[in-house]
Every structure is written in structure tokens, then in C-alpha cells.
file query04.pdb (PDB, C-alpha atoms)
ATOM      1  CA  MET O 198      12.693   2.938 -18.944
ATOM      2  CA  ALA O 199      16.262   2.597 -17.820
ATOM      3  CA  ARG O 200      16.564  -1.185 -18.100
ATOM      4  CA  PHE O 201      14.592  -4.427 -17.884
ATOM      5  CA  ASP O 202      15.726  -8.025 -17.297
ATOM      6  CA  GLU O 203      13.194 -10.319 -18.921
ATOM      7  CA  ALA O 204      14.571 -13.420 -17.162
ATOM      8  CA  THR O 205      13.897 -12.051 -13.658
ATOM      9  CA  GLY O 206      10.911  -9.841 -14.488
ATOM     10  CA  TRP O 207      12.538  -6.829 -12.792
ATOM     11  CA  GLY O 208      13.572  -3.511 -14.250
ATOM     12  CA  ILE O 209      14.461   0.033 -13.263
ATOM     13  CA  VAL O 210      12.610   3.187 -14.289
ATOM     14  CA  ALA O 211      13.753   6.764 -13.790
ATOM     15  CA  GLY O 212      11.395   9.451 -12.541
ATOM     16  CA  GLU O 213      11.306  12.984 -13.911
ATOM     17  CA  ASP O 214      13.464  13.986 -10.949
ATOM     18  CA  GLY O 215      16.127  11.444 -11.987
ATOM     19  CA  ALA O 216      15.435   9.083  -9.074
ATOM     20  CA  ARG O 217      15.384   5.397 -10.023
ATOM     21  CA  TYR O 218      12.681   2.980  -8.935
ATOM     22  CA  PRO O 219      12.368  -0.804  -9.258
ATOM     23  CA  LEU O 220       9.653  -2.184 -11.514
ATOM     24  CA  HIS O 221       8.274  -5.723 -11.459
ATOM     25  CA  CYS O 222       6.616  -7.068 -14.608
ATOM     26  CA  THR O 223       3.300  -7.392 -12.748
ATOM     27  CA  ALA O 224       3.241  -3.564 -12.436
ATOM     28  CA  ILE O 225       2.868  -3.099 -16.205
ATOM     29  CA  ALA O 226      -0.683  -1.819 -16.651
ATOM     30  CA  ASP O 227      -1.667  -3.543 -19.903
ATOM     31  CA  GLY O 228      -0.710  -7.045 -18.753
ATOM     32  CA  ARG O 229       2.383  -7.494 -20.862
ATOM     33  CA  ARG O 230       5.386  -8.987 -19.086
ATOM     34  CA  MET O 231       8.115  -6.796 -20.558
ATOM     35  CA  ILE O 232       8.834  -3.249 -21.670
ATOM     36  CA  GLU O 233      11.839  -2.534 -23.857
ATOM     37  CA  ALA O 234      14.715  -0.615 -22.312
ATOM     38  CA  GLY O 235      14.862   3.000 -23.456
ATOM     39  CA  ILE O 236      11.083   3.378 -23.884
ATOM     40  CA  ALA O 237       9.634   6.413 -22.083
ATOM     41  CA  VAL O 238       7.004   5.355 -19.553
ATOM     42  CA  ILE O 239       4.441   6.905 -17.235
ATOM     43  CA  PHE O 240       4.012   5.433 -13.750
ATOM     44  CA  HIS O 241       3.041   6.142 -10.170
ATOM     45  CA  LEU O 242       4.768   4.999  -7.000
ATOM     46  CA  THR O 243       3.626   2.461  -4.453
ATOM     47  CA  PRO O 244       5.277   1.059  -1.320
ATOM     48  CA  GLY O 245       7.280  -1.962  -2.407
ATOM     49  CA  ARG O 246       7.945  -5.411  -1.026
ATOM     50  CA  SER O 247      11.344  -4.454   0.371
ATOM     51  CA  GLY O 248      10.196  -1.238   2.026
ATOM     52  CA  GLN O 249      11.253   1.079  -0.783
ATOM     53  CA  TRP O 250       9.101   2.770  -3.416
ATOM     54  CA  GLU O 251       8.356   0.805  -6.596
ATOM     55  CA  ALA O 252       6.888   1.827  -9.938
ATOM     56  CA  ALA O 253       3.259   0.753 -10.534
ATOM     57  CA  GLY O 254       0.678   1.270 -13.276
ATOM     58  CA  VAL O 255       3.477   1.468 -15.824
ATOM     59  CA  THR O 256       2.419   2.395 -19.377
ATOM     60  CA  PRO O 257       4.451   3.482 -22.393
ATOM     61  CA  ARG O 258       4.373   7.237 -22.927
ATOM     62  CA  LEU O 259       2.769   8.132 -26.238
ATOM     63  CA  PRO O 260       4.818  10.320 -28.584
ATOM     64  CA  ARG O 261       3.680  13.926 -28.883
TER      65      ARG O 261
END

call {"tool": "encode", "arguments": {"input": "query04.pdb", "output": "C-alpha cells"}}
result
Amino acid sequence: MARFDEATGWGIVAGEDGARYPLHCTAIADGRRMIEAGIAVIFHLTPGRSGQWEAAGVTPRLPR
């Protein structure tokens, strides 16, 4: 998780390839409305509202 703005409900996540994707709070899989910045997450991509890819099904990555 690169960053998250709780006031707007939008954040940015980085993929394994280093590409960054927008994340809306409604894309968090467990229903919470925020994920802390710096937390590793797992997600898939979906076509977004603005025509670019967005993160979806976002869940925190469990430590190994």
C-alpha cells in the first residue's frame, strides 16, 4: 500500500512490477473503509471509472 487518504476514500497501491494503481475504499474486500499506508496488500485489477486500471478485491497480505 503506497498511500491512502481517508478523507477522500482513495489510495494508491503498487503492483509487483512497480506500476501504481488507484484504489477506492469500496474495493477493500473485507468491507473496511481504510487500509494503513505501508501495509502489503494483494489485489487484482479491474477497468476503472476513468478508463484506467484500478485495484479491486484488496486484502492485506499475511506475513510469512

call {"tool": "resolve_selection", "arguments": {"input": "query04.pdb", "expression": "the PyMOL selection byres ((chain O and resi 229) around 12)", "output": "number ranges by chain"}}
result
O: 203, 206, 221-228, 230-233, 254-257

call {"tool": "write_last_selection", "arguments": {"input": "query04.pdb", "atoms": "C-alpha atoms", "output": "compact mmCIF listing (two decimals), in the frame of the given file"}}
result
# COMPACT_ATOMS: atom_id res chain seq x y z
CA GLU O 203 13.19 -10.32 -18.92
CA GLY O 206 10.91 -9.84 -14.49
CA HIS O 221 8.27 -5.72 -11.46
CA CYS O 222 6.62 -7.07 -14.61
CA THR O 223 3.30 -7.39 -12.75
CA ALA O 224 3.24 -3.56 -12.44
CA ILE O 225 2.87 -3.10 -16.20
CA ALA O 226 -0.68 -1.82 -16.65
CA ASP O 227 -1.67 -3.54 -19.90
CA GLY O 228 -0.71 -7.04 -18.75
CA ARG O 230 5.39 -8.99 -19.09
CA MET O 231 8.12 -6.80 -20.56
CA ILE O 232 8.83 -3.25 -21.67
CA GLU O 233 11.84 -2.53 -23.86
CA GLY O 254 0.68 1.27 -13.28
CA VAL O 255 3.48 1.47 -15.82
CA THR O 256 2.42 2.40 -19.38
CA PRO O 257 4.45 3.48 -22.39

call {"tool": "residues_around", "arguments": {"input": "query04.pdb", "residues": "O:Pro260", "least_positions_apart": "6", "cutoff": "12 Å", "atoms": "all atoms listed in the file", "output": "MDAnalysis selection string"}}
result
chainID O and resid 236:239

call {"tool": "closest_residue", "arguments": {"input": "query04.pdb", "among": "O:Arg246, O:Ala204, O:Glu251, O:Ile209", "to": "O:Ala234", "atoms": "all atoms listed in the file"}}
result
O:Ile209

call {"tool": "atom_distance", "arguments": {"input": "query04.pdb", "atom1": "atom CA of O:Pro219", "atom2": "atom CA of O:Trp250"}}
result
7.6 Å

call {"tool": "resolve_selection", "arguments": {"input": "query04.pdb", "expression": "the PyMOL selection byres ((chain O and resi 212) around 10)", "output": "ChimeraX atom specification"}}
result
/O:198-199,209-211,213-218,238-242,252

call {"tool": "write_last_selection", "arguments": {"input": "query04.pdb", "atoms": "C-alpha atoms", "output": "compact mmCIF listing (two decimals), in the coordinates of the input"}}
result
# COMPACT_ATOMS: atom_id res chain seq x y z
CA MET O 198 12.69 2.94 -18.94
CA ALA O 199 16.26 2.60 -17.82
CA ILE O 209 14.46 0.03 -13.26
CA VAL O 210 12.61 3.19 -14.29
CA ALA O 211 13.75 6.76 -13.79
CA GLU O 213 11.31 12.98 -13.91
CA ASP O 214 13.46 13.99 -10.95
CA GLY O 215 16.13 11.44 -11.99
CA ALA O 216 15.44 9.08 -9.07
CA ARG O 217 15.38 5.40 -10.02
CA TYR O 218 12.68 2.98 -8.94
CA VAL O 238 7.00 5.36 -19.55
CA ILE O 239 4.44 6.90 -17.24
CA PHE O 240 4.01 5.43 -13.75
CA HIS O 241 3.04 6.14 -10.17
CA LEU O 242 4.77 5.00 -7.00
CA ALA O 252 6.89 1.83 -9.94

call {"tool": "axis_aligned_box", "arguments": {"input": "query04.pdb", "around": "stretch 225-228 of chain O", "padding_each_side": "3 Å", "output": "lines of an AutoDock Vina configuration file"}}
result
center_x = 0.6
center_y = -4.4
center_z = -18.1
size_x = 10.5
size_y = 11.2
size_z = 9.7

call {"tool": "build_atoms", "arguments": {"input": "query04.pdb", "residues": "stretch 219-240 of chain O", "atoms": "N, CA and C atoms", "output": "compact mmCIF listing (two decimals), keeping the file's coordinate frame"}}
result
# COMPACT_ATOMS: atom_id res chain seq x y z
N PRO O 219 12.53 0.55 -8.72
CA PRO O 219 12.37 -0.80 -9.26
C PRO O 219 10.97 -0.99 -9.85
N LEU O 220 10.91 -1.87 -10.82
CA LEU O 220 9.65 -2.18 -11.51
C LEU O 220 9.58 -3.69 -11.67
N HIS O 221 8.50 -4.30 -11.21
CA HIS O 221 8.27 -5.72 -11.46
C HIS O 221 7.31 -5.84 -12.63
N CYS O 222 7.44 -6.91 -13.41
CA CYS O 222 6.62 -7.07 -14.61
C CYS O 222 5.13 -7.06 -14.30
N THR O 223 4.72 -7.41 -13.09
CA THR O 223 3.30 -7.39 -12.75
C THR O 223 2.77 -5.97 -12.58
N ALA O 224 3.66 -4.97 -12.57
CA ALA O 224 3.24 -3.56 -12.44
C ALA O 224 2.98 -2.90 -13.78
N ILE O 225 3.13 -3.65 -14.87
CA ILE O 225 2.87 -3.10 -16.20
C ILE O 225 1.35 -3.14 -16.42
N ALA O 226 0.77 -1.99 -16.67
CA ALA O 226 -0.68 -1.82 -16.65
C ALA O 226 -1.44 -2.65 -17.68
N ASP O 227 -0.89 -2.86 -18.87
CA ASP O 227 -1.67 -3.54 -19.90
C ASP O 227 -1.49 -5.06 -19.89
N GLY O 228 -0.83 -5.60 -18.88
CA GLY O 228 -0.71 -7.04 -18.75
C GLY O 228 0.48 -7.67 -19.44
N ARG O 229 1.19 -6.91 -20.24
CA ARG O 229 2.38 -7.49 -20.86
C ARG O 229 3.41 -7.78 -19.78
N ARG O 230 4.39 -8.59 -20.07
CA ARG O 230 5.39 -8.99 -19.09
C ARG O 230 6.75 -8.35 -19.32
N MET O 231 6.85 -7.44 -20.28
CA MET O 231 8.12 -6.80 -20.56
C MET O 231 7.90 -5.46 -21.24
N ILE O 232 8.77 -4.52 -20.94
CA ILE O 232 8.83 -3.25 -21.67
C ILE O 232 10.28 -3.08 -22.10
N GLU O 233 10.49 -2.69 -23.34
CA GLU O 233 11.84 -2.53 -23.86
C GLU O 233 12.58 -1.42 -23.13
N ALA O 234 13.86 -1.64 -22.91
CA ALA O 234 14.72 -0.62 -22.31
C ALA O 234 14.75 0.59 -23.24
N GLY O 235 14.79 1.77 -22.67
CA GLY O 235 14.86 3.00 -23.46
C GLY O 235 13.51 3.60 -23.81
N ILE O 236 12.42 2.87 -23.60
CA ILE O 236 11.08 3.38 -23.88
C ILE O 236 10.67 4.33 -22.76
N ALA O 237 10.14 5.49 -23.10
CA ALA O 237 9.63 6.41 -22.08
C ALA O 237 8.33 5.85 -21.52
N VAL O 238 8.19 5.89 -20.20
CA VAL O 238 7.00 5.36 -19.55
C VAL O 238 6.41 6.36 -18.57
N ILE O 239 5.15 6.15 -18.27
CA ILE O 239 4.44 6.90 -17.24
C ILE O 239 4.14 5.90 -16.12
N PHE O 240 4.28 6.33 -14.87
CA PHE O 240 4.01 5.43 -13.75
C PHE O 240 3.70 6.23 -12.49
